[in-house]
Amino acid sequence: MAHEKLSMAQALNQALRDAMKADDTVLMFGEDVGALGGVFRITDGLTAEFGEDRCFDTPLAESGIVGMAVGLAMNGMRPVVEMQFDAFGYPAFEQVVSHVAKMRNRTRGKVSLPIVIRMPYAGGIGGVEHHCDSSESYYAHTPGLTVVAPSTVADAYTLLRRAIEFPDPVIFMEPKKLYWAKEEVDLGVAEPGIGTAVVRREGTDATLIAYGPSVPIALEAASAAAAEGRSLQVVDVRSIVPFDDSTVCEAVRSTGRAVVVAEASGFASVSSEIVARVTERCFHSLAAPIRRVTGFDIPYPPPKLERHQLPGVDRILDAVDSLQWEDS
Amino acid sequence: MTTVEEQLLPSADPVQLVDEHGKRHDNPQYGMPPVEALVDGYAQLVVGRRINDQASALVRQGRLAVYPSSHGQEACQVAATMVLGEQDWLFPTYRDTVSIVSRGVDPIETLTLLRGDWHSGYDPYERKVAPQSTPLATQLIHAVGVAHAARLKGEDTVVMALCGDGATSEGDFHEALNFAAVFKAPVVFFIQNNEYAISVPLARQTVAPSLAHKGIGYGIPGERADGNDLAGLLSVLGSAVAKARAGEGPQLVEAHTYRVQAHTNADDATRYRNEAEVQPWLERDPLKRLDAYLTTEGLLDDAHRSEATAVADKVAEDLRVGLMQEVSPDPAELFAHLYATPTPQLVEQAAFLQDELSREEA
């Protein structure tokens, strides 16, 4: 297949289409996912192609959407549901935590729930309140859930196909500000799968650890640093749960310095978990304490102030500069 | 001609085919169930009562962590299961042990949750019984999902979804009814209104004329039945299941009954209700009245009674013996059932615990 210039939104749409073609138990449903194709058009054309039994609109009730997915999965289906926006997922939290995450455990492995809960997440698009939350820590903290966040067009396709084939529930965090970013790609299910981090840029001086919407920022920071003569490595976590300790730690050991970049508030977060894990495993390889560049511990700001919340290149470079460089 | 609204509304009074004195009342809409069903139902009520009382005793002996008894509600429990076919699903709550056993699940496996050795002791697929739900109303929407999947697969399946009066205040109750109605899912929502949600009386849950009236807001027909009358329940629930199976969409049934005992052994019912309130309900006992009716009709004799008692005695004995066994759940199971393939983190933690245990033994 020829390389095409595709957006992440198109790649996700293609992943859903291909998954539905490959397995007729795959169902897609949620709010406005039918005729409208989703508010971000991720489900565009699926109802037309597969019919209303396969891709359908539900009443406007997130707990109902996720709860129905539980029952459908119990009875042989592979539901993929869309939470329209990150913060709209909170009404479904009881279903996610008490049932989606626990059903396999409660039933001693007799009932598995191959459910994918897709949610456009994080900010940077000028959204009003309740439209830009980074809620990954809530899900990552819940045993039984698998949590992934793609950062590239190709990976969005791969991770979504893998998530739909996965035997357990997956929280699929879609960085909404990357929906329209285009890349030349040849879509296909590639390695690595869920549970593996990847090095997106090689570097020798320090390691930037990021996921989802923060990966392009980290890469941008690495390019800027290179121009100043500092070589930064960028690791894309991809799979928050399970977390790939070995790739991340190997990367940190190779440079001896690390900065974790994430949009979510830093307190009690995925970024704090990463710092803790890496410190426990790599302490003796570290030349400086690991730093974090995260959102402030505040509710996601209104659009006119959001630039102050989001990790930017300058903050990342400042954090890198603070890593106790002997030559500076 | 009746309006759509009238068709959706429940009957003026709960449907009752046999009253508390064992007297038959004919109903133009709901016929008396076949004799064999009533005699079989009687035997199941005897077993159910024995399970309730034996399990409560086992809590006092420290053999069960807790037991929410359905003493006095056995007619609801037994009827909910009797109206189902093998292909149908039952979605029970924590108070529905008797219903699960009535469905054919092993009583010891049913009580595993309440003994405290695992969260659910039976394979849900074996008898098509979902795990007992302890959060309120969350299972109702799962029932809708199972029913919707059944429709997509072309299965002839009805799902019986149980809840109590307290659950009708939860958001998931409303979402479940609405989803079921919109998707025309073959679900029978069966509310056992036993007047109390732990300590809070029905008047604090709702000011609706009845819980069966809640159906109309979703376009679901509601019906109410005397929850201590097995005959009435079998007829009303049987009719609801038949309608759901025939493609008429979800049905809502409220059984008016009473929680004769406390919520659980941890509850002190004297703090919120008078003993005087309980007494009349003891006289409406589902067992006594069915016994009286069947005896008057010449359908029940001492042979039936001793046969039912013998079965119940055996169940109680098995429970006593089975629950006397000291169980030591395998700690490795703590990590075994989270994911199809354990994460590297869980593998590490399992090894850590294993090491800790081996050092304990040494």
# chains A, B, ... in the order shown; residues from 1 in each chain; ligands from 1

call {"tool": "residues_around", "arguments": {"residues": "stretch 265-272 of chain A", "least_positions_apart": "5", "cutoff": "7 Å", "atoms": "only C-alpha atoms", "output": "ChimeraX atom specification"}}
result
/A:137,260,294-298

call {"tool": "interface_residues", "arguments": {"of": "chain A", "to": "chain B", "cutoff": "9 Å", "atoms": "only C-alpha atoms", "output": "ChimeraX atom specification"}}
result
/A:53,58-59,61-77,94-95,98-99,101-112,143-146,166-169,195,241-245

call {"tool": "atom_distance", "arguments": {"atom1": "atom CA of A:Val259", "atom2": "atom CA of A:Ala206"}}
result
7.7 Å

call {"tool": "residues_around", "arguments": {"residues": "A:Ala319", "least_positions_apart": "3", "cutoff": "12 Å", "atoms": "only C-alpha atoms", "output": "list in words"}}
result
Ala206, Thr207, Leu208, Ala218, Ala221, Ala225, Arg257, Ala258, Val259, Val260, Val261, Ala288, Pro289, Ile290, Arg291, Arg292, Val293, Thr294, Pro311, Gly312, Val313, Asp314, Arg315, Ile316, Ser322, Leu323, Gln324 and Trp325 of chain A

call {"tool": "write_last_selection", "arguments": {"atoms": "N, CA, C and O atoms", "output": "JSON list (two decimals), in the first residue's frame"}}
result
[["chain", "number", "residue", "atom", "x", "y", "z"],
["A", 206, "ALA", "N", 20.30, 13.52, 28.25],
["A", 206, "ALA", "CA", 19.18, 13.36, 29.20],
["A", 206, "ALA", "C", 18.01, 12.71, 28.48],
["A", 206, "ALA", "O", 17.92, 12.76, 27.25],
["A", 207, "THR", "N", 17.11, 12.11, 29.28],
["A", 207, "THR", "CA", 15.96, 11.41, 28.71],
["A", 207, "THR", "C", 14.67, 12.16, 29.05],
["A", 207, "THR", "O", 14.42, 12.45, 30.22],
["A", 208, "LEU", "N", 13.89, 12.47, 28.03],
["A", 208, "LEU", "CA", 12.56, 13.02, 28.26],
["A", 208, "LEU", "C", 11.57, 11.86, 28.17],
["A", 208, "LEU", "O", 11.59, 11.09, 27.22],
["A", 218, "ALA", "N", 7.82, 17.13, 23.60],
["A", 218, "ALA", "CA", 9.13, 16.65, 24.04],
["A", 218, "ALA", "C", 10.09, 16.56, 22.85],
["A", 218, "ALA", "O", 11.27, 16.92, 22.95],
["A", 221, "ALA", "N", 11.17, 19.96, 21.97],
["A", 221, "ALA", "CA", 12.18, 20.42, 22.94],
["A", 221, "ALA", "C", 13.53, 19.79, 22.62],
["A", 221, "ALA", "O", 14.59, 20.45, 22.72],
["A", 225, "ALA", "N", 16.95, 21.69, 21.82],
["A", 225, "ALA", "CA", 18.15, 21.44, 22.62],
["A", 225, "ALA", "C", 19.33, 21.05, 21.73],
["A", 225, "ALA", "O", 20.48, 21.46, 21.98],
["A", 257, "ARG", "N", 20.11, 11.16, 33.32],
["A", 257, "ARG", "CA", 19.27, 12.31, 33.70],
["A", 257, "ARG", "C", 17.91, 12.13, 33.05],
["A", 257, "ARG", "O", 17.82, 11.60, 31.93],
["A", 258, "ALA", "N", 16.86, 12.63, 33.75],
["A", 258, "ALA", "CA", 15.53, 12.44, 33.16],
["A", 258, "ALA", "C", 14.56, 13.55, 33.56],
["A", 258, "ALA", "O", 14.64, 14.12, 34.65],
["A", 259, "VAL", "N", 13.66, 13.85, 32.62],
["A", 259, "VAL", "CA", 12.55, 14.77, 32.87],
["A", 259, "VAL", "C", 11.28, 14.08, 32.37],
["A", 259, "VAL", "O", 11.25, 13.55, 31.25],
["A", 260, "VAL", "N", 10.27, 14.07, 33.23],
["A", 260, "VAL", "CA", 8.98, 13.50, 32.83],
["A", 260, "VAL", "C", 8.07, 14.64, 32.42],
["A", 260, "VAL", "O", 7.95, 15.64, 33.13],
["A", 261, "VAL", "N", 7.44, 14.49, 31.26],
["A", 261, "VAL", "CA", 6.56, 15.55, 30.74],
["A", 261, "VAL", "C", 5.13, 15.01, 30.61],
["A", 261, "VAL", "O", 4.93, 13.97, 29.97],
["A", 288, "ALA", "N", 21.31, 13.39, 38.67],
["A", 288, "ALA", "CA", 20.52, 14.48, 39.25],
["A", 288, "ALA", "C", 19.13, 13.94, 39.55],
["A", 288, "ALA", "O", 18.71, 12.93, 38.96],
["A", 289, "PRO", "N", 18.41, 14.61, 40.47],
["A", 289, "PRO", "CA", 17.02, 14.18, 40.72],
["A", 289, "PRO", "C", 16.21, 14.29, 39.43],
["A", 289, "PRO", "O", 16.45, 15.20, 38.63],
["A", 290, "ILE", "N", 15.25, 13.39, 39.28],
["A", 290, "ILE", "CA", 14.38, 13.47, 38.11],
["A", 290, "ILE", "C", 13.44, 14.65, 38.28],
["A", 290, "ILE", "O", 12.92, 14.88, 39.37],
["A", 291, "ARG", "N", 13.27, 15.40, 37.23],
["A", 291, "ARG", "CA", 12.36, 16.56, 37.29],
["A", 291, "ARG", "C", 11.08, 16.26, 36.52],
["A", 291, "ARG", "O", 11.05, 15.38, 35.65],
["A", 292, "ARG", "N", 10.06, 16.99, 36.86],
["A", 292, "ARG", "CA", 8.80, 16.85, 36.11],
["A", 292, "ARG", "C", 8.35, 18.18, 35.55],
["A", 292, "ARG", "O", 8.54, 19.22, 36.18],
["A", 293, "VAL", "N", 7.78, 18.12, 34.37],
["A", 293, "VAL", "CA", 7.09, 19.29, 33.81],
["A", 293, "VAL", "C", 5.65, 18.83, 33.58],
["A", 293, "VAL", "O", 5.38, 17.99, 32.72],
["A", 294, "THR", "N", 4.74, 19.32, 34.42],
["A", 294, "THR", "CA", 3.35, 18.87, 34.35],
["A", 294, "THR", "C", 2.44, 20.08, 34.40],
["A", 294, "THR", "O", 2.88, 21.22, 34.58],
["A", 311, "PRO", "N", 2.50, 21.95, 29.38],
["A", 311, "PRO", "CA", 3.96, 21.90, 29.32],
["A", 311, "PRO", "C", 4.42, 22.40, 27.95],
["A", 311, "PRO", "O", 3.88, 22.00, 26.93],
["A", 312, "GLY", "N", 5.37, 23.32, 27.94],
["A", 312, "GLY", "CA", 5.87, 23.85, 26.67],
["A", 312, "GLY", "C", 7.37, 23.60, 26.56],
["A", 312, "GLY", "O", 8.02, 23.13, 27.51],
["A", 313, "VAL", "N", 7.88, 23.89, 25.39],
["A", 313, "VAL", "CA", 9.29, 23.64, 25.11],
["A", 313, "VAL", "C", 10.20, 24.35, 26.13],
["A", 313, "VAL", "O", 11.15, 23.76, 26.66],
["A", 314, "ASP", "N", 9.89, 25.61, 26.43],
["A", 314, "ASP", "CA", 10.76, 26.36, 27.34],
["A", 314, "ASP", "C", 10.81, 25.74, 28.73],
["A", 314, "ASP", "O", 11.87, 25.64, 29.35],
["A", 315, "ARG", "N", 9.64, 25.35, 29.22],
["A", 315, "ARG", "CA", 9.63, 24.73, 30.56],
["A", 315, "ARG", "C", 10.44, 23.44, 30.56],
["A", 315, "ARG", "O", 11.12, 23.12, 31.53],
["A", 316, "ILE", "N", 10.32, 22.68, 29.47],
["A", 316, "ILE", "CA", 11.07, 21.43, 29.40],
["A", 316, "ILE", "C", 12.58, 21.73, 29.38],
["A", 316, "ILE", "O", 13.36, 21.11, 30.12],
["A", 322, "SER", "N", 18.20, 22.36, 34.69],
["A", 322, "SER", "CA", 18.36, 22.28, 36.15],
["A", 322, "SER", "C", 18.92, 20.94, 36.61],
["A", 322, "SER", "O", 19.01, 20.68, 37.80],
["A", 323, "LEU", "N", 19.27, 20.06, 35.67],
["A", 323, "LEU", "CA", 19.69, 18.70, 36.06],
["A", 323, "LEU", "C", 21.18, 18.60, 36.47],
["A", 323, "LEU", "O", 21.86, 17.64, 36.10],
["A", 324, "GLN", "N", 21.64, 19.57, 37.22],
["A", 324, "GLN", "CA", 23.00, 19.54, 37.80],
["A", 324, "GLN", "C", 24.07, 19.18, 36.80],
["A", 324, "GLN", "O", 24.79, 18.19, 36.95],
["A", 325, "TRP", "N", 24.17, 20.01, 35.75],
["A", 325, "TRP", "CA", 25.21, 19.79, 34.74],
["A", 325, "TRP", "C", 26.53, 20.34, 35.28],
["A", 325, "TRP", "O", 26.60, 21.50, 35.68]]

call {"tool": "residues_around", "arguments": {"residues": "B:Leu84", "least_positions_apart": "3", "cutoff": "8 Å", "atoms": "only C-alpha atoms", "output": "list in words"}}
result
Ala80, Thr81, Gln87, Asp88, Trp89, Val158, Met160 and Val241 of chain B

call {"tool": "write_last_selection", "arguments": {"atoms": "N, CA, C and O atoms", "output": "PDB file, in the first residue's frame"}}
result
ATOM      1  N   ALA B  80     -39.004 -15.459  40.679  1.00  0.00           N
ATOM      2  CA  ALA B  80     -38.115 -14.807  39.708  1.00  0.00           C
ATOM      3  C   ALA B  80     -37.372 -15.840  38.881  1.00  0.00           C
ATOM      4  O   ALA B  80     -37.126 -15.646  37.685  1.00  0.00           O
ATOM      5  N   THR B  81     -37.002 -16.949  39.498  1.00  0.00           N
ATOM      6  CA  THR B  81     -36.262 -17.991  38.800  1.00  0.00           C
ATOM      7  C   THR B  81     -37.187 -18.964  38.072  1.00  0.00           C
ATOM      8  O   THR B  81     -36.905 -19.384  36.962  1.00  0.00           O
ATOM      9  N   GLN B  87     -32.307 -20.827  28.723  1.00  0.00           N
ATOM     10  CA  GLN B  87     -31.539 -19.886  27.913  1.00  0.00           C
ATOM     11  C   GLN B  87     -31.560 -18.469  28.481  1.00  0.00           C
ATOM     12  O   GLN B  87     -30.878 -17.587  27.980  1.00  0.00           O
ATOM     13  N   ASP B  88     -32.364 -18.255  29.508  1.00  0.00           N
ATOM     14  CA  ASP B  88     -32.521 -16.917  30.080  1.00  0.00           C
ATOM     15  C   ASP B  88     -31.432 -16.635  31.110  1.00  0.00           C
ATOM     16  O   ASP B  88     -30.755 -17.541  31.593  1.00  0.00           O
ATOM     17  N   TRP B  89     -31.277 -15.345  31.415  1.00  0.00           N
ATOM     18  CA  TRP B  89     -30.268 -14.916  32.392  1.00  0.00           C
ATOM     19  C   TRP B  89     -30.930 -14.359  33.639  1.00  0.00           C
ATOM     20  O   TRP B  89     -31.986 -13.732  33.561  1.00  0.00           O
ATOM     21  N   VAL B 158     -34.420 -14.006  27.559  1.00  0.00           N
ATOM     22  CA  VAL B 158     -34.971 -12.927  28.383  1.00  0.00           C
ATOM     23  C   VAL B 158     -34.061 -12.781  29.599  1.00  0.00           C
ATOM     24  O   VAL B 158     -33.523 -13.774  30.091  1.00  0.00           O
ATOM     25  N   MET B 160     -33.774 -11.523  33.509  1.00  0.00           N
ATOM     26  CA  MET B 160     -34.493 -11.120  34.720  1.00  0.00           C
ATOM     27  C   MET B 160     -33.523 -10.326  35.588  1.00  0.00           C
ATOM     28  O   MET B 160     -32.505 -10.866  36.039  1.00  0.00           O
ATOM     29  N   VAL B 241     -42.331 -12.016  31.391  1.00  0.00           N
ATOM     30  CA  VAL B 241     -41.291 -12.734  30.631  1.00  0.00           C
ATOM     31  C   VAL B 241     -41.807 -13.076  29.233  1.00  0.00           C
ATOM     32  O   VAL B 241     -41.106 -12.908  28.234  1.00  0.00           O
TER      33      VAL B 241
END

call {"tool": "select_by_dssp", "arguments": {"residues": "stretch 220-326 of chain B", "states": "helix (DSSP H, G or I)", "output": "number ranges by chain"}}
result
B: 230-245, 269-271, 275-283, 286-296, 302-324

call {"tool": "write_last_selection", "arguments": {"atoms": "C-alpha atoms", "output": "compact mmCIF listing (two decimals), in the first residue's frame"}}
result
# COMPACT_ATOMS: atom_id res chain seq x y z
CA LEU B 230 -46.21 -17.05 44.95
CA ALA B 231 -49.21 -17.71 42.70
CA GLY B 232 -49.66 -14.04 41.85
CA LEU B 233 -45.94 -13.54 41.32
CA LEU B 234 -45.63 -16.54 39.01
CA SER B 235 -48.51 -15.25 36.94
CA VAL B 236 -47.39 -11.61 36.76
CA LEU B 237 -43.69 -12.39 36.22
CA GLY B 238 -44.54 -15.19 33.81
CA SER B 239 -46.63 -12.80 31.76
CA ALA B 240 -43.84 -10.16 31.83
CA VAL B 241 -41.29 -12.73 30.63
CA ALA B 242 -43.64 -13.88 27.87
CA LYS B 243 -44.14 -10.31 26.67
CA ALA B 244 -40.42 -9.58 26.70
CA ARG B 245 -39.80 -12.81 24.81
CA ALA B 269 -33.54 -2.77 63.09
CA THR B 270 -34.96 -1.65 66.46
CA ARG B 271 -33.39 1.76 65.90
CA GLU B 275 -41.65 -4.58 66.34
CA ALA B 276 -45.40 -3.95 66.01
CA GLU B 277 -44.84 -3.12 62.37
CA VAL B 278 -43.26 -6.50 61.70
CA GLN B 279 -45.99 -8.67 63.22
CA PRO B 280 -48.66 -8.26 60.50
CA TRP B 281 -46.08 -9.14 57.87
CA LEU B 282 -45.26 -12.39 59.64
CA GLU B 283 -48.93 -13.24 59.24
CA PRO B 286 -45.59 -16.63 51.74
CA LEU B 287 -45.11 -20.20 52.98
CA LYS B 288 -48.06 -20.32 55.33
CA ARG B 289 -50.47 -18.93 52.82
CA LEU B 290 -49.44 -21.22 49.98
CA ASP B 291 -49.61 -24.17 52.34
CA ALA B 292 -53.13 -23.14 53.38
CA TYR B 293 -54.31 -22.64 49.80
CA LEU B 294 -52.86 -25.88 48.47
CA THR B 295 -54.16 -27.82 51.47
CA THR B 296 -57.69 -26.45 51.04
CA ASP B 302 -48.19 -34.44 54.59
CA ALA B 303 -46.28 -36.55 52.10
CA HIS B 304 -45.46 -33.42 50.07
CA ARG B 305 -44.59 -31.55 53.22
CA SER B 306 -42.21 -34.16 54.54
CA GLU B 307 -40.62 -34.56 51.14
CA ALA B 308 -39.99 -30.80 50.94
CA THR B 309 -38.71 -30.76 54.51
CA ALA B 310 -36.36 -33.65 53.79
CA VAL B 311 -34.88 -31.81 50.81
CA ALA B 312 -34.52 -28.63 52.88
CA ASP B 313 -32.93 -30.60 55.74
CA LYS B 314 -30.37 -31.99 53.32
CA VAL B 315 -29.58 -28.55 51.89
CA ALA B 316 -29.17 -27.17 55.42
CA GLU B 317 -26.95 -30.06 56.44
CA ASP B 318 -24.79 -29.64 53.33
CA LEU B 319 -24.48 -25.97 54.16
CA ARG B 320 -23.46 -26.67 57.74
CA VAL B 321 -20.95 -29.31 56.74
CA GLY B 322 -19.66 -27.42 53.74
CA LEU B 323 -19.22 -24.16 55.58
CA MET B 324 -17.58 -25.88 58.57

call {"tool": "decode", "arguments": {"residues": "stretch 115-145 of chain B", "atoms": "N, CA and C atoms", "output": "mmCIF file, in the first residue's frame"}}
result
data_model
loop_
_atom_site.group_PDB
_atom_site.id
_atom_site.type_symbol
_atom_site.label_atom_id
_atom_site.label_comp_id
_atom_site.auth_asym_id
_atom_site.auth_seq_id
_atom_site.Cartn_x
_atom_site.Cartn_y
_atom_site.Cartn_z
ATOM 1 N N ARG B 115 -19.117 -15.863 52.545
ATOM 2 C CA ARG B 115 -18.182 -16.489 53.476
ATOM 3 C C ARG B 115 -16.895 -15.675 53.513
ATOM 4 N N GLY B 116 -16.552 -15.104 52.357
ATOM 5 C CA GLY B 116 -15.364 -14.261 52.326
ATOM 6 C C GLY B 116 -14.161 -14.927 51.701
ATOM 7 N N ASP B 117 -14.356 -16.039 50.975
ATOM 8 C CA ASP B 117 -13.171 -16.625 50.344
ATOM 9 C C ASP B 117 -12.936 -16.123 48.920
ATOM 10 N N TRP B 118 -13.988 -15.741 48.198
ATOM 11 C CA TRP B 118 -13.784 -15.038 46.931
ATOM 12 C C TRP B 118 -15.023 -14.196 46.641
ATOM 13 N N HIS B 119 -14.887 -13.250 45.707
ATOM 14 C CA HIS B 119 -15.985 -12.309 45.473
ATOM 15 C C HIS B 119 -17.205 -12.966 44.847
ATOM 16 N N SER B 120 -16.957 -14.006 44.077
ATOM 17 C CA SER B 120 -18.086 -14.753 43.529
ATOM 18 C C SER B 120 -17.640 -16.195 43.401
ATOM 19 N N GLY B 121 -18.508 -17.104 43.788
ATOM 20 C CA GLY B 121 -18.071 -18.502 43.878
ATOM 21 C C GLY B 121 -18.512 -19.385 42.739
ATOM 22 N N TYR B 122 -19.265 -18.840 41.788
ATOM 23 C CA TYR B 122 -19.774 -19.714 40.726
ATOM 24 C C TYR B 122 -19.425 -19.139 39.359
ATOM 25 N N ASP B 123 -19.464 -20.039 38.370
ATOM 26 C CA ASP B 123 -19.216 -19.627 36.992
ATOM 27 C C ASP B 123 -20.528 -19.069 36.420
ATOM 28 N N PRO B 124 -20.573 -17.769 36.116
ATOM 29 C CA PRO B 124 -21.830 -17.164 35.656
ATOM 30 C C PRO B 124 -22.424 -17.833 34.411
ATOM 31 N N TYR B 125 -21.564 -18.425 33.579
ATOM 32 C CA TYR B 125 -22.072 -19.003 32.340
ATOM 33 C C TYR B 125 -22.751 -20.355 32.545
ATOM 34 N N GLU B 126 -22.412 -21.041 33.638
ATOM 35 C CA GLU B 126 -22.962 -22.388 33.825
ATOM 36 C C GLU B 126 -24.477 -22.387 33.910
ATOM 37 N N ARG B 127 -25.028 -21.507 34.714
ATOM 38 C CA ARG B 127 -26.492 -21.444 34.854
ATOM 39 C C ARG B 127 -27.049 -20.114 34.362
ATOM 40 N N LYS B 128 -26.205 -19.350 33.714
ATOM 41 C CA LYS B 128 -26.604 -18.005 33.269
ATOM 42 C C LYS B 128 -27.113 -17.169 34.443
ATOM 43 N N VAL B 129 -26.233 -17.047 35.419
ATOM 44 C CA VAL B 129 -26.498 -16.206 36.591
ATOM 45 C C VAL B 129 -25.307 -15.255 36.747
ATOM 46 N N ALA B 130 -25.560 -13.962 36.640
ATOM 47 C CA ALA B 130 -24.484 -12.980 36.788
ATOM 48 C C ALA B 130 -23.981 -12.992 38.225
ATOM 49 N N PRO B 131 -22.763 -12.485 38.458
ATOM 50 C CA PRO B 131 -22.299 -12.389 39.846
ATOM 51 C C PRO B 131 -23.251 -11.506 40.641
ATOM 52 N N GLN B 132 -23.393 -11.803 41.915
ATOM 53 C CA GLN B 132 -24.254 -10.968 42.760
ATOM 54 C C GLN B 132 -23.684 -9.559 42.817
ATOM 55 N N SER B 133 -24.539 -8.584 42.609
ATOM 56 C CA SER B 133 -24.050 -7.206 42.604
ATOM 57 C C SER B 133 -24.250 -6.588 43.980
ATOM 58 N N THR B 134 -23.193 -5.995 44.523
ATOM 59 C CA THR B 134 -23.355 -5.282 45.793
ATOM 60 C C THR B 134 -23.558 -3.775 45.609
ATOM 61 N N PRO B 135 -22.935 -3.129 44.593
ATOM 62 C CA PRO B 135 -23.359 -1.740 44.348
ATOM 63 C C PRO B 135 -24.798 -1.773 43.833
ATOM 64 N N LEU B 136 -25.598 -0.781 44.187
ATOM 65 C CA LEU B 136 -27.015 -0.850 43.821
ATOM 66 C C LEU B 136 -27.266 -0.421 42.380
ATOM 67 N N ALA B 137 -28.067 -1.195 41.694
ATOM 68 C CA ALA B 137 -28.609 -0.876 40.365
ATOM 69 C C ALA B 137 -27.600 -0.958 39.223
ATOM 70 N N THR B 138 -26.326 -1.115 39.546
ATOM 71 C CA THR B 138 -25.337 -1.152 38.460
ATOM 72 C C THR B 138 -25.544 -2.359 37.553
ATOM 73 N N GLN B 139 -26.059 -3.458 38.128
ATOM 74 C CA GLN B 139 -26.217 -4.687 37.338
ATOM 75 C C GLN B 139 -27.384 -4.584 36.365
ATOM 76 N N LEU B 140 -28.281 -3.641 36.603
ATOM 77 C CA LEU B 140 -29.472 -3.555 35.738
ATOM 78 C C LEU B 140 -29.073 -3.186 34.314
ATOM 79 N N ILE B 141 -28.086 -2.325 34.196
ATOM 80 C CA ILE B 141 -27.659 -1.909 32.864
ATOM 81 C C ILE B 141 -26.842 -3.025 32.194
ATOM 82 N N HIS B 142 -26.158 -3.840 32.992
ATOM 83 C CA HIS B 142 -25.479 -5.015 32.413
ATOM 84 C C HIS B 142 -26.525 -5.958 31.816
ATOM 85 N N ALA B 143 -27.624 -6.092 32.540
ATOM 86 C CA ALA B 143 -28.706 -6.967 32.062
ATOM 87 C C ALA B 143 -29.188 -6.497 30.687
ATOM 88 N N VAL B 144 -29.274 -5.182 30.531
ATOM 89 C CA VAL B 144 -29.700 -4.631 29.236
ATOM 90 C C VAL B 144 -28.684 -5.010 28.154
ATOM 91 N N GLY B 145 -27.397 -4.931 28.490
ATOM 92 C CA GLY B 145 -26.351 -5.283 27.521
ATOM 93 C C GLY B 145 -26.425 -6.745 27.113
#
